[in-house]
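S.K.: My file is input-v6.txt. It has compact mmCIF, C-alpha atoms (C1' of nucleotides):
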```txt
# COMPACT_ATOMS: atom_id res chain seq x y z
CA MET A 1425 0.59 -48.43 -11.73
CA ARG A 1426 -2.19 -46.56 -13.52
CA LEU A 1427 -1.43 -43.19 -15.04
CA PRO A 1428 -3.77 -40.51 -13.68
CA ALA A 1429 -6.53 -39.39 -16.02
CA TYR A 1430 -5.27 -35.84 -16.27
CA ILE A 1431 -1.98 -36.90 -17.84
CA LYS A 1432 -3.68 -39.25 -20.25
CA SER A 1433 -5.99 -36.58 -21.54
CA MET A 1434 -3.43 -33.81 -21.64
CA ALA A 1435 -0.59 -35.69 -23.22
CA GLN A 1436 -2.87 -37.68 -25.53
CA LEU A 1437 -0.84 -40.83 -25.19
CA SER A 1438 -1.60 -43.93 -27.22
CA ALA A 1439 -2.93 -46.85 -25.19
CA GLU A 1440 0.31 -48.67 -25.88
CA SER A 1441 2.55 -45.86 -24.68
CA GLU A 1442 0.35 -45.36 -21.68
CA SER A 1443 0.77 -48.90 -20.46
CA LYS A 1444 4.47 -48.89 -21.33
CA ILE A 1445 5.02 -45.79 -19.21
CA ALA A 1446 2.80 -47.00 -16.42
CA GLN A 1447 4.60 -50.34 -16.22
CA ALA A 1448 8.06 -48.83 -16.18
CA PHE A 1449 7.49 -47.30 -12.75
CA HIS A 1450 8.36 -49.22 -9.59
CA ARG A 1451 5.99 -49.19 -6.66
CA ARG A 1452 7.28 -48.47 -3.18
CA GLU A 1453 5.43 -48.08 0.08
CA LEU A 1454 7.43 -45.57 2.06
CA GLN A 1455 7.26 -44.37 5.63
CA LYS A 1456 6.64 -40.92 6.94
CA GLY A 1457 9.96 -39.16 7.45
CA GLU A 1458 11.85 -40.82 4.60
CA LEU A 1459 13.85 -38.58 2.31
CA LEU A 1460 13.23 -38.94 -1.43
CA PHE A 1461 16.18 -36.72 -2.32
CA ARG A 1462 18.73 -34.60 -0.49
CA GLN A 1463 20.17 -31.14 -0.84
CA GLY A 1464 23.63 -31.43 -2.39
CA GLU A 1465 23.11 -34.90 -3.87
CA VAL A 1466 22.02 -35.81 -7.38
CA CYS A 1467 18.42 -36.93 -7.57
CA HIS A 1468 18.22 -40.04 -9.76
CA HIS A 1469 14.47 -40.59 -9.82
CA ILE A 1470 11.28 -39.11 -11.01
CA PHE A 1471 8.46 -39.77 -8.54
CA TYR A 1472 4.77 -40.32 -8.75
CA ILE A 1473 3.02 -40.00 -5.42
CA GLU A 1474 -0.21 -41.94 -5.65
CA LYS A 1475 -1.30 -41.40 -2.09
CA GLY A 1476 0.50 -39.39 0.53
CA LEU A 1477 2.27 -36.09 0.96
CA ALA A 1478 5.79 -34.90 0.25
CA ARG A 1479 7.47 -31.65 1.25
CA VAL A 1480 10.37 -30.07 -0.62
CA PHE A 1481 12.46 -27.80 1.59
CA TYR A 1482 15.82 -26.14 2.05
CA ASN A 1483 17.83 -24.57 4.84
CA THR A 1484 18.81 -20.94 4.60
CA GLU A 1485 22.22 -19.62 5.66
CA SER A 1486 20.67 -18.50 8.93
CA GLY A 1487 19.54 -22.07 9.56
CA LYS A 1488 15.85 -21.54 8.87
CA ASP A 1489 13.92 -24.46 7.35
CA VAL A 1490 11.85 -23.22 4.42
CA THR A 1491 9.22 -25.23 2.56
CA ALA A 1492 9.60 -24.72 -1.18
CA TRP A 1493 6.69 -26.87 -2.29
CA PHE A 1494 4.22 -29.60 -1.36
CA PHE A 1495 3.33 -32.55 -3.58
CA ALA A 1496 0.26 -34.57 -2.68
CA ASP A 1497 -1.75 -37.42 -4.17
CA ASN A 1498 -1.50 -38.19 -7.89
CA ASN A 1499 1.39 -35.90 -8.71
CA PHE A 1500 4.60 -36.40 -10.62
CA PHE A 1501 7.66 -34.59 -9.40
CA THR A 1502 11.42 -34.64 -9.02
CA ALA A 1503 14.25 -32.17 -8.45
CA HIS A 1504 14.02 -31.35 -12.14
CA ASP A 1505 17.31 -29.61 -12.64
CA SER A 1506 19.17 -32.26 -10.70
CA PHE A 1507 17.41 -35.16 -12.40
CA TYR A 1508 17.83 -33.96 -15.97
CA GLN A 1509 21.27 -32.35 -15.61
CA HIS A 1510 22.84 -34.58 -12.96
CA LYS A 1511 23.57 -31.66 -10.71
CA PRO A 1512 23.31 -31.56 -6.92
CA ALA A 1513 19.72 -30.90 -5.86
CA PRO A 1514 19.13 -27.52 -4.18
CA ASN A 1515 16.49 -29.00 -1.86
CA ASN A 1516 15.56 -31.92 0.33
CA CYS A 1517 12.33 -33.81 -0.04
CA GLU A 1518 10.71 -35.64 2.86
CA LEU A 1519 7.49 -37.58 3.22
CA LEU A 1520 5.03 -36.09 5.71
CA GLU A 1521 2.81 -39.18 5.60
CA ASP A 1522 3.25 -42.86 4.88
CA SER A 1523 2.95 -42.81 1.11
CA ASP A 1524 2.52 -44.96 -1.97
CA VAL A 1525 5.21 -43.77 -4.31
CA TYR A 1526 6.25 -44.96 -7.77
CA THR A 1527 9.74 -44.28 -9.07
CA LEU A 1528 11.55 -44.33 -12.39
CA THR A 1529 15.31 -43.83 -12.74
CA TYR A 1530 16.89 -41.41 -15.14
CA SER A 1531 18.39 -44.16 -17.27
CA GLU A 1532 15.02 -45.91 -17.53
CA MET A 1533 13.47 -42.63 -18.50
CA VAL A 1534 16.08 -41.81 -21.15
CA ALA A 1535 15.75 -45.23 -22.72
CA MET A 1536 12.05 -44.60 -23.12
CA LEU A 1537 12.51 -41.03 -24.26
CA ASN A 1538 14.64 -42.18 -27.15
CA ASP A 1539 12.45 -44.95 -28.42
CA ASN A 1540 9.11 -43.41 -27.68
CA HIS A 1541 7.72 -40.17 -28.94
CA ASP A 1542 4.88 -40.28 -26.39
CA MET A 1543 7.35 -40.46 -23.52
CA ALA A 1544 8.66 -37.05 -24.53
CA LYS A 1545 5.11 -35.75 -24.44
CA PHE A 1546 4.67 -37.26 -21.02
CA ALA A 1547 7.87 -35.61 -19.77
CA PHE A 1548 6.71 -32.36 -21.26
CA HIS A 1549 3.43 -32.46 -19.39
CA THR A 1550 4.97 -33.22 -16.05
CA VAL A 1551 7.13 -30.07 -16.21
CA TYR A 1552 4.40 -28.09 -17.87
CA LEU A 1553 2.05 -28.63 -14.93
CA LEU A 1554 4.74 -27.64 -12.49
CA ALA A 1555 5.59 -24.48 -14.46
CA LYS A 1556 1.94 -23.54 -14.48
CA GLN A 1557 1.52 -23.96 -10.73
CA GLN A 1558 4.71 -22.08 -10.02
CA ALA A 1559 3.61 -19.21 -12.26
CA GLU A 1560 0.38 -18.95 -10.28
CA PHE A 1561 2.29 -18.96 -7.04
CA ILE A 1562 4.64 -16.21 -8.24
CA ASN A 1563 1.75 -14.08 -9.42
CA GLY A 1564 0.13 -14.65 -6.06
CA ILE A 1565 2.98 -13.90 -3.68
CA LYS A 1566 3.96 -10.41 -4.78
CA PHE A 1567 2.29 -7.63 -2.80
CA GLN A 1568 -0.17 -10.01 -1.19
CA SER A 1569 -0.64 -9.74 2.55
CA ALA A 1570 -0.15 -12.74 4.82
CA GLU A 1571 -3.92 -13.06 5.11
CA GLU A 1572 -4.47 -13.00 1.35
CA ARG A 1573 -1.89 -15.75 0.90
CA TYR A 1574 -3.56 -17.80 3.60
CA ASN A 1575 -6.97 -17.40 1.98
CA ALA A 1576 -5.64 -18.37 -1.41
CA LEU A 1577 -4.05 -21.50 0.02
CA MET A 1578 -7.22 -22.47 1.91
CA HIS A 1579 -9.20 -21.97 -1.24
CA HIS A 1580 -7.43 -24.50 -3.36
CA TYR A 1581 -6.07 -26.75 -0.63
CA PRO A 1582 -8.60 -26.64 2.21
CA ASN A 1583 -7.38 -29.71 4.08
CA ILE A 1584 -3.69 -28.84 4.15
CA PHE A 1585 -3.85 -28.10 7.90
CA GLN A 1586 -4.94 -31.65 8.61
CA ARG A 1587 -1.89 -32.96 6.79
CA ALA A 1588 1.06 -30.64 7.33
CA LYS A 1589 2.53 -28.84 10.32
CA LEU A 1590 1.72 -25.20 10.82
CA ARG A 1591 5.35 -24.20 10.54
CA HIS A 1592 5.74 -26.02 7.22
CA ILE A 1593 2.74 -24.23 5.82
CA ALA A 1594 3.92 -20.88 7.18
CA SER A 1595 7.30 -21.09 5.51
CA PHE A 1596 5.66 -22.25 2.30
CA LEU A 1597 3.65 -19.02 2.36
CA GLY A 1598 6.73 -16.98 3.27
CA ILE A 1599 5.41 -15.89 6.66
CA THR A 1600 6.28 -16.79 10.25
CA GLN A 1601 4.42 -19.46 12.13
CA GLU A 1602 3.30 -16.93 14.76
CA THR A 1603 1.65 -14.79 12.10
CA LEU A 1604 -0.04 -17.79 10.52
CA SER A 1605 -1.32 -18.94 13.89
CA ARG A 1606 -2.84 -15.51 14.56
CA ILE A 1607 -4.47 -15.34 11.13
CA ARG A 1608 -5.93 -18.79 11.45
CA GLY A 1609 -7.33 -17.97 14.89
CA GLY A 1610 -8.98 -14.87 13.47
CA LYS A 1611 -6.49 -12.54 15.22
CA MET B 56 16.29 -18.64 -37.74
CA ARG B 57 19.06 -20.48 -35.91
CA LEU B 58 18.19 -22.39 -32.76
CA PRO B 59 20.31 -21.25 -29.83
CA ALA B 60 23.13 -23.57 -28.83
CA TYR B 61 21.71 -24.24 -25.39
CA ILE B 62 18.55 -25.83 -26.80
CA LYS B 63 20.50 -27.90 -29.30
CA SER B 64 22.74 -29.36 -26.66
CA MET B 65 20.04 -29.90 -24.06
CA ALA B 66 17.37 -31.38 -26.27
CA GLN B 67 19.87 -33.37 -28.37
CA LEU B 68 17.97 -32.75 -31.56
CA SER B 69 19.01 -34.39 -34.80
CA ALA B 70 20.38 -32.00 -37.43
CA GLU B 71 17.28 -32.62 -39.48
CA SER B 72 14.83 -31.82 -36.68
CA GLU B 73 16.85 -28.82 -35.73
CA SER B 74 16.54 -27.24 -39.14
CA LYS B 75 12.91 -28.24 -39.44
CA ILE B 76 12.08 -26.51 -36.17
CA ALA B 77 14.24 -23.51 -36.95
CA GLN B 78 12.60 -23.03 -40.33
CA ALA B 79 9.07 -23.30 -39.03
CA PHE B 80 9.39 -20.05 -37.09
CA HIS B 81 8.46 -16.72 -38.72
CA ARG B 82 10.72 -13.73 -38.24
CA ARG B 83 9.23 -10.41 -37.21
CA GLU B 84 10.90 -7.15 -36.35
CA LEU B 85 8.67 -5.54 -33.77
CA GLN B 86 8.60 -2.12 -32.17
CA LYS B 87 8.95 -1.20 -28.55
CA GLY B 88 5.52 -1.01 -26.96
CA GLU B 89 3.87 -3.75 -29.04
CA LEU B 90 1.86 -6.36 -27.14
CA LEU B 91 2.68 -9.99 -27.87
CA PHE B 92 -0.34 -11.24 -25.95
CA ARG B 93 -3.06 -9.78 -23.79
CA GLN B 94 -4.67 -10.57 -20.45
CA GLY B 95 -8.05 -12.22 -21.13
CA GLU B 96 -7.27 -13.30 -24.70
CA VAL B 97 -5.96 -16.62 -25.91
CA CYS B 98 -2.29 -16.53 -26.84
CA HIS B 99 -1.83 -18.35 -30.16
CA HIS B 100 1.94 -18.18 -30.50
CA ILE B 101 5.10 -19.39 -28.98
CA PHE B 102 7.83 -16.73 -29.21
CA TYR B 103 11.56 -16.74 -29.55
CA ILE B 104 13.13 -13.39 -28.80
CA GLU B 105 16.48 -13.28 -30.54
CA LYS B 106 17.37 -9.75 -29.56
CA GLY B 107 15.33 -7.45 -27.38
CA LEU B 108 13.36 -7.47 -24.16
CA ALA B 109 9.81 -8.46 -23.27
CA ARG B 110 7.92 -7.90 -20.03
CA VAL B 111 5.03 -10.06 -18.83
CA PHE B 112 2.72 -8.21 -16.46
CA TYR B 113 -0.75 -8.08 -14.95
CA ASN B 114 -2.96 -5.58 -13.20
CA THR B 115 -4.13 -6.27 -9.68
CA GLU B 116 -7.65 -5.54 -8.46
CA SER B 117 -6.34 -2.35 -6.90
CA GLY B 118 -5.07 -1.27 -10.31
CA LYS B 119 -1.39 -1.85 -9.66
CA ASP B 120 0.78 -2.92 -12.60
CA VAL B 121 2.94 -5.89 -11.57
CA THR B 122 5.77 -7.39 -13.61
CA ALA B 123 5.54 -11.18 -13.53
CA TRP B 124 8.63 -11.91 -15.62
CA PHE B 125 11.18 -10.58 -18.08
CA PHE B 126 12.34 -12.42 -21.20
CA ALA B 127 15.46 -11.16 -22.93
CA ASP B 128 17.67 -12.25 -25.81
CA ASN B 129 17.66 -15.87 -26.99
CA ASN B 130 14.69 -17.05 -24.99
CA PHE B 131 11.61 -19.04 -25.87
CA PHE B 132 8.40 -18.13 -24.10
CA THR B 133 4.63 -17.92 -24.33
CA ALA B 134 1.65 -17.74 -21.98
CA HIS B 135 2.02 -21.48 -21.56
CA ASP B 136 -1.31 -22.33 -20.07
CA SER B 137 -3.13 -20.19 -22.60
CA PHE B 138 -1.15 -21.48 -25.55
CA TYR B 139 -1.44 -25.17 -24.77
CA GLN B 140 -4.97 -25.15 -23.33
CA HIS B 141 -6.57 -22.34 -25.35
CA LYS B 142 -7.55 -20.47 -22.25
CA PRO B 143 -7.50 -16.70 -21.73
CA ALA B 144 -4.01 -15.55 -20.75
CA PRO B 145 -3.66 -14.25 -17.18
CA ASN B 146 -1.07 -11.67 -18.25
CA ASN B 147 -0.10 -9.13 -20.85
CA CYS B 148 3.25 -9.16 -22.59
CA GLU B 149 4.82 -6.01 -24.01
CA LEU B 150 8.12 -5.29 -25.70
CA LEU B 151 10.36 -2.88 -23.80
CA GLU B 152 12.74 -2.56 -26.76
CA ASP B 153 12.54 -2.87 -30.52
CA SER B 154 13.03 -6.61 -30.85
CA ASP B 155 13.72 -9.40 -33.30
CA VAL B 156 11.08 -11.97 -32.54
CA TYR B 157 10.28 -15.32 -34.14
CA THR B 158 6.81 -16.82 -33.82
CA LEU B 159 5.18 -20.19 -34.32
CA THR B 160 1.42 -20.76 -34.09
CA TYR B 161 -0.18 -23.46 -32.03
CA SER B 162 -1.42 -25.36 -35.08
CA GLU B 163 2.04 -25.26 -36.65
CA MET B 164 3.46 -26.54 -33.41
CA VAL B 165 0.93 -29.37 -33.06
CA ALA B 166 1.52 -30.52 -36.61
CA MET B 167 5.21 -30.83 -35.82
CA LEU B 168 4.61 -32.39 -32.42
CA ASN B 169 2.71 -35.21 -34.02
CA ASP B 170 5.11 -36.07 -36.76
CA ASN B 171 8.32 -35.34 -34.97
CA HIS B 172 9.57 -36.90 -31.81
CA ASP B 173 12.29 -34.24 -31.47
CA MET B 174 9.70 -31.49 -31.48
CA ALA B 175 8.26 -32.92 -28.27
CA LYS B 176 11.73 -32.83 -26.77
CA PHE B 177 12.08 -29.26 -27.88
CA ALA B 178 8.75 -28.31 -26.28
CA PHE B 179 9.81 -30.10 -23.14
CA HIS B 180 13.01 -28.09 -22.87
CA THR B 181 11.32 -24.76 -23.34
CA VAL B 182 9.03 -25.37 -20.34
CA TYR B 183 11.74 -27.10 -18.40
CA LEU B 184 13.96 -24.02 -18.50
CA LEU B 185 11.10 -21.83 -17.40
CA ALA B 186 10.19 -24.17 -14.54
CA LYS B 187 13.79 -24.15 -13.40
CA GLN B 188 14.03 -20.35 -13.35
CA GLN B 189 10.71 -20.03 -11.59
CA ALA B 190 11.80 -22.51 -8.93
CA GLU B 191 14.92 -20.43 -8.28
CA PHE B 192 12.83 -17.30 -8.04
CA ILE B 193 10.45 -18.90 -5.55
CA ASN B 194 13.31 -20.17 -3.42
CA GLY B 195 14.76 -16.69 -3.54
CA ILE B 196 11.77 -14.55 -2.69
CA LYS B 197 10.66 -16.05 0.61
CA PHE B 198 12.03 -14.30 3.69
CA GLN B 199 14.52 -12.31 1.64
CA SER B 200 14.73 -8.61 2.34
CA ALA B 201 14.30 -6.05 -0.42
CA GLU B 202 18.05 -5.55 -0.49
CA GLU B 203 18.80 -9.26 -0.78
CA ARG B 204 16.41 -9.54 -3.71
CA TYR B 205 18.05 -6.56 -5.35
CA ASN B 206 21.51 -8.05 -4.93
CA ALA B 207 20.42 -11.39 -6.33
CA LEU B 208 18.93 -9.71 -9.39
CA MET B 209 22.03 -7.58 -9.96
CA HIS B 210 24.15 -10.66 -9.67
CA HIS B 211 22.64 -12.58 -12.51
CA TYR B 212 21.27 -9.71 -14.55
CA PRO B 213 23.65 -6.79 -13.98
CA ASN B 214 22.52 -4.65 -16.89
CA ILE B 215 18.78 -4.84 -16.25
CA PHE B 216 18.71 -1.18 -15.12
CA GLN B 217 19.94 -0.06 -18.51
CA ARG B 218 17.07 -1.86 -20.19
CA ALA B 219 13.97 -1.72 -17.99
CA LYS B 220 12.25 1.00 -15.99
CA LEU B 221 12.84 1.13 -12.26
CA ARG B 222 9.16 0.60 -11.51
CA HIS B 223 9.04 -2.52 -13.69
CA ILE B 224 12.02 -3.97 -11.89
CA ALA B 225 10.59 -3.04 -8.49
CA SER B 226 7.30 -4.82 -9.07
CA PHE B 227 9.17 -7.81 -10.45
CA LEU B 228 11.00 -8.01 -7.12
CA GLY B 229 7.77 -7.48 -5.20
CA ILE B 230 8.84 -4.17 -3.67
CA THR B 231 7.83 -0.55 -4.28
CA GLN B 232 9.72 1.70 -6.60
CA GLU B 233 10.56 4.09 -3.76
CA THR B 234 12.23 1.31 -1.80
CA LEU B 235 14.19 0.14 -4.83
CA SER B 236 15.33 3.67 -5.53
CA ARG B 237 16.61 4.04 -1.97
CA ILE B 238 18.43 0.70 -2.06
CA ARG B 239 20.07 1.46 -5.35
CA GLY B 240 21.22 4.84 -4.09
CA GLY B 241 22.81 3.18 -1.06
CA LYS B 242 20.08 4.51 1.31
C1' DA C 1453 -2.14 -42.61 33.07
C1' DT C 1454 2.19 -39.74 33.42
C1' DC C 1455 6.07 -37.40 32.03
C1' DA C 1456 8.70 -35.43 28.17
C1' DT C 1457 8.95 -33.60 23.86
C1' DT C 1458 7.00 -31.21 20.13
C1' DT C 1459 3.79 -27.97 18.36
C1' DT C 1460 0.85 -24.10 18.67
C1' DT C 1461 -0.82 -20.04 20.74
C1' DT C 1462 -0.54 -15.65 22.98
C1' DG C 1463 1.73 -11.31 24.41
C1' DA C 1464 4.84 -7.33 23.98
C1' DT C 1465 8.02 -4.84 21.27
C1' DC C 1466 10.38 -3.30 17.24
C1' DT C 1467 11.41 -2.40 12.30
C1' DG C 1468 11.56 -2.83 7.13
C1' DG C 1469 9.29 -1.25 3.87
C1' DA C 1470 4.61 0.61 2.38
C1' DT C 1471 2.14 4.79 1.71
C1' DC C 1472 1.41 9.57 0.81
C1' DA C 1473 3.36 13.74 -0.87
C1' DA C 1474 6.38 16.77 -3.02
C1' DT C 1475 10.65 17.71 -5.64
C1' DT C 1476 14.14 16.86 -8.94
C1' DT C 1477 15.88 14.61 -12.97
C1' DT C 1478 15.40 12.56 -17.42
C1' DT C 1479 13.08 11.81 -21.67
C1' DT C 1480 10.13 13.09 -25.40
C1' DC C 1481 8.72 15.73 -29.02
C1' DC C 1482 7.18 20.21 -31.39
C1' DG D 870 16.43 24.18 -27.32
C1' DG D 871 12.52 24.69 -24.42
C1' DA D 872 7.98 23.13 -22.74
C1' DA D 873 5.48 19.12 -21.33
C1' DA D 874 5.34 14.54 -19.82
C1' DA D 875 7.36 10.66 -17.65
C1' DA D 876 10.47 8.70 -14.40
C1' DA D 877 13.15 8.74 -10.34
C1' DT D 878 14.42 10.59 -5.93
C1' DT D 879 13.76 12.26 -1.33
C1' DG D 880 11.17 13.10 2.99
C1' DA D 881 7.86 12.03 6.67
C1' DT D 882 4.66 8.93 8.68
C1' DC D 883 2.64 4.56 9.73
C1' DC D 884 1.61 -0.35 10.10
C1' DA D 885 1.88 -5.43 8.95
C1' DG D 886 4.37 -8.65 10.31
C1' DA D 887 9.02 -10.08 12.30
C1' DT D 888 11.31 -11.12 16.52
C1' DC D 889 11.79 -12.45 21.24
C1' DA D 890 9.75 -14.67 25.07
C1' DA D 891 6.88 -17.55 27.54
C1' DA D 892 2.58 -20.21 28.39
C1' DA D 893 -0.66 -23.59 26.80
C1' DA D 894 -1.98 -27.50 24.13
C1' DA D 895 -1.14 -31.60 21.65
C1' DT D 896 1.42 -35.71 20.71
C1' DG D 897 4.15 -39.63 21.93
C1' DA D 898 6.71 -42.80 24.61
C1' DT D 899 7.29 -45.86 28.68
```
Can you turn what I pasted into structure tokens?

M.R.:
Amino acid sequence: MRLPAYIKSMAQLSAESESKIAQAFHRRELQKGELLFRQGEVCHHIFYIEKGLARVFYNTESGKDVTAWFFADNNFFTAHDSFYQHKPAPNNCELLEDSDVYTLTYSEMVAMLNDNHDMAKFAFHTVYLLAKQQAEFINGIKFQSAEERYNALMHHYPNIFQRAKLRHIASFLGITQETLSRIRGGK
Amino acid sequence: MRLPAYIKSMAQLSAESESKIAQAFHRRELQKGELLFRQGEVCHHIFYIEKGLARVFYNTESGKDVTAWFFADNNFFTAHDSFYQHKPAPNNCELLEDSDVYTLTYSEMVAMLNDNHDMAKFAFHTVYLLAKQQAEFINGIKFQSAEERYNALMHHYPNIFQRAKLRHIASFLGITQETLSRIRGGK
DNA sequence: ATCATTTTTTGATCTGGATCAATTTTTTCC
DNA sequence: GGAAAAAATTGATCCAGATCAAAAAATGAT
């Protein structure tokens, strides 16, 4: 696997560390519908999705399926708290497309963390990027109307409707699918 | 300064790194009302608030003051994207109480990052904890009623009303102060 | 192609919480 | 301790968006 350019430049990894990290990951070609981790089970891998789309979601008490987050091409992700603390994951993660995914287990990661300073930087940047995106989302969701949320999503992810179901997108935005359908159709 | 126990155990720092990091921070006793960073300006410090309370907030186009986050005793925080990327911060941060704060500049941090593997682990854990809390918040806010959000906040931060203004708490929850007042008073 | 299932759209109704406005309570500070 | 300012409460109205229901469109399987 090749590390994406954005991680290389942000984490400022040495060429050696870069190839060490890149080679540690295991490539898998996975089918649409497969689950990468499950609510209630410990997630043992960190994932890099080279091409494809994953959806993190949970079920509320009332049985509603809510999308917590999408991860598309060239992103690192995991159920962070589960992965690093060996606790049950609060969410499921399913693939919405056939995807090229690379995985690294926790024990492989720890081994590298301990012998390689750059690996810690790499780990830092994977969570850092997530924290940043989440902060933007939180700033965006409060007091914004359904239409404003829709516009914001279309702005920085214009082709999401070609890749995910309307209902998945609606619950990601925290609105009902009927409302999203009406907004998209221009009322 | 003493590093809090939770960071020591999570990041598994050596005793030497621990004291190096702890000693790099500069203690300041700051007054209620002081701004730690400002919207539009680069934030040059990472902060550890030992005792006290800070509020991160922004102003919407319509002039509304919205609380993005609170940081209380024994927490590390900064405007991450601004601090690490030298970009203007999207938010302000003010102290809501007289506080004991420790600061470290970016250049001090980078110097340590480069010569100390453990410092990278430390940086990792500061963002990791934030990402985790943000993820919980995001899972919590979608489709939850004003009252459910209030109950969740009271559950894991029962004394917040003794320390922050009602309107700050309301905008943090994404509801108006009138609604929060009515909920608190039991309708 | 055709039928069945899934997904999306459209319609009608209802409600939680926003908004606007005016008191009341609490805090601040000469 | 009393006036002024700030914060919180209470009341009345209104609307964005939820909910319930059903039709239409898209997707998939045989």

S.K.: Counting all atoms listed in the file, select every polymer residue within 9 Å of (10.9, 0.0, -4.1) as defined in the file's coordinates, and provide the selection as a PyMOL selection string.

M.R.: (chain B and resi 201+221-222+224-226+228-238) or (chain C and resi 1469)

S.K.: Mind pulling up the distance from CA of Leu168 (chain B) to CA of Leu1528 (chain A)?

M.R.: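 Between CA of Leu1528 (chain A) and CA of Leu168 (chain B) the gap is 24.3 Å.
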
S.K.: Please indicate the distance in Å from CA of Val1480 (chain A) to CA of Tyr183 (chain B), rounded to one decimal place.

M.R.: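 Atom-to-atom, CA of Val1480 (chain A) and CA of Tyr183 (chain B) are spaced 18.1 Å apart.
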
S.K.: Could you tell me which residues of chain C sit within 12 Å of chain A when counting only C-alpha atoms (C1' of nucleotides), and give me the result as a PyMOL selection string?

M.R.: chain C and resi 1458-1463+1469-1470

S.K.: Output the contact residues of chain D with respect to chain B at a cut-off of 12 Å, based on only C-alpha atoms (C1' of nucleotides), as a PDB file with C-alpha atoms (C1' of nucleotides), in the frame of the given file.

M.R.:
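File result-v6.pdb, as written:
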```
ATOM      1  C1'  DA D 875       7.360  10.660 -17.650  1.00  0.00           C
ATOM      2  C1'  DA D 876      10.470   8.700 -14.400  1.00  0.00           C
ATOM      3  C1'  DA D 877      13.150   8.740 -10.340  1.00  0.00           C
ATOM      4  C1'  DT D 878      14.420  10.590  -5.930  1.00  0.00           C
ATOM      5  C1'  DT D 879      13.760  12.260  -1.330  1.00  0.00           C
ATOM      6  C1'  DG D 880      11.170  13.100   2.990  1.00  0.00           C
ATOM      7  C1'  DG D 886       4.370  -8.650  10.310  1.00  0.00           C
ATOM      8  C1'  DA D 887       9.020 -10.080  12.300  1.00  0.00           C
TER       9       DA D 887
END
```

S.K.: Would you kindly report the residues of chain B within 7 Å of chain A, using all atoms listed in the file, as a list in words?

M.R.: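 Output check: Ala123, Asp136, His172, Ala175, Lys176, Ala178, Phe179, Val182, Tyr183, Leu185, Ala186, Lys187, Gln189, Ile193, Asn194, Lys197, Phe198 and Gly229 of chain B.
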
S.K.: Could you add whatever atoms are missing so that region 215-226 of chain B carries N, CA and C atoms, then write the result as an mmCIF file, in the frame of the given file?

M.R.:
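The resulting result21.cif:
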```
data_model
loop_
_atom_site.group_PDB
_atom_site.id
_atom_site.type_symbol
_atom_site.label_atom_id
_atom_site.label_comp_id
_atom_site.auth_asym_id
_atom_site.auth_seq_id
_atom_site.Cartn_x
_atom_site.Cartn_y
_atom_site.Cartn_z
ATOM 1 N N ILE B 215 20.231 -5.002 -16.159
ATOM 2 C CA ILE B 215 18.780 -4.840 -16.250
ATOM 3 C C ILE B 215 18.361 -3.364 -16.118
ATOM 4 N N PHE B 216 19.095 -2.588 -15.313
ATOM 5 C CA PHE B 216 18.710 -1.180 -15.120
ATOM 6 C C PHE B 216 18.933 -0.317 -16.352
ATOM 7 N N GLN B 217 19.780 -0.802 -17.252
ATOM 8 C CA GLN B 217 19.940 -0.060 -18.510
ATOM 9 C C GLN B 217 18.798 -0.353 -19.470
ATOM 10 N N ARG B 218 18.035 -1.423 -19.187
ATOM 11 C CA ARG B 218 17.070 -1.860 -20.190
ATOM 12 C C ARG B 218 15.620 -1.743 -19.748
ATOM 13 N N ALA B 219 15.362 -1.779 -18.452
ATOM 14 C CA ALA B 219 13.970 -1.720 -17.990
ATOM 15 C C ALA B 219 13.790 -0.555 -17.019
ATOM 16 N N LYS B 220 12.568 -0.085 -16.918
ATOM 17 C CA LYS B 220 12.250 1.000 -15.990
ATOM 18 C C LYS B 220 12.356 0.508 -14.542
ATOM 19 N N LEU B 221 12.734 1.430 -13.682
ATOM 20 C CA LEU B 221 12.840 1.130 -12.260
ATOM 21 C C LEU B 221 11.551 0.524 -11.706
ATOM 22 N N ARG B 222 10.419 1.094 -12.076
ATOM 23 C CA ARG B 222 9.160 0.600 -11.510
ATOM 24 C C ARG B 222 8.832 -0.818 -11.987
ATOM 25 N N HIS B 223 9.273 -1.156 -13.201
ATOM 26 C CA HIS B 223 9.040 -2.520 -13.690
ATOM 27 C C HIS B 223 9.892 -3.512 -12.911
ATOM 28 N N ILE B 224 11.112 -3.105 -12.637
ATOM 29 C CA ILE B 224 12.020 -3.970 -11.890
ATOM 30 C C ILE B 224 11.520 -4.123 -10.450
ATOM 31 N N ALA B 225 11.078 -3.004 -9.876
ATOM 32 C CA ALA B 225 10.590 -3.040 -8.490
ATOM 33 C C ALA B 225 9.435 -4.018 -8.339
ATOM 34 N N SER B 226 8.454 -3.933 -9.244
ATOM 35 C CA SER B 226 7.300 -4.820 -9.070
ATOM 36 C C SER B 226 7.672 -6.268 -9.376
#
```
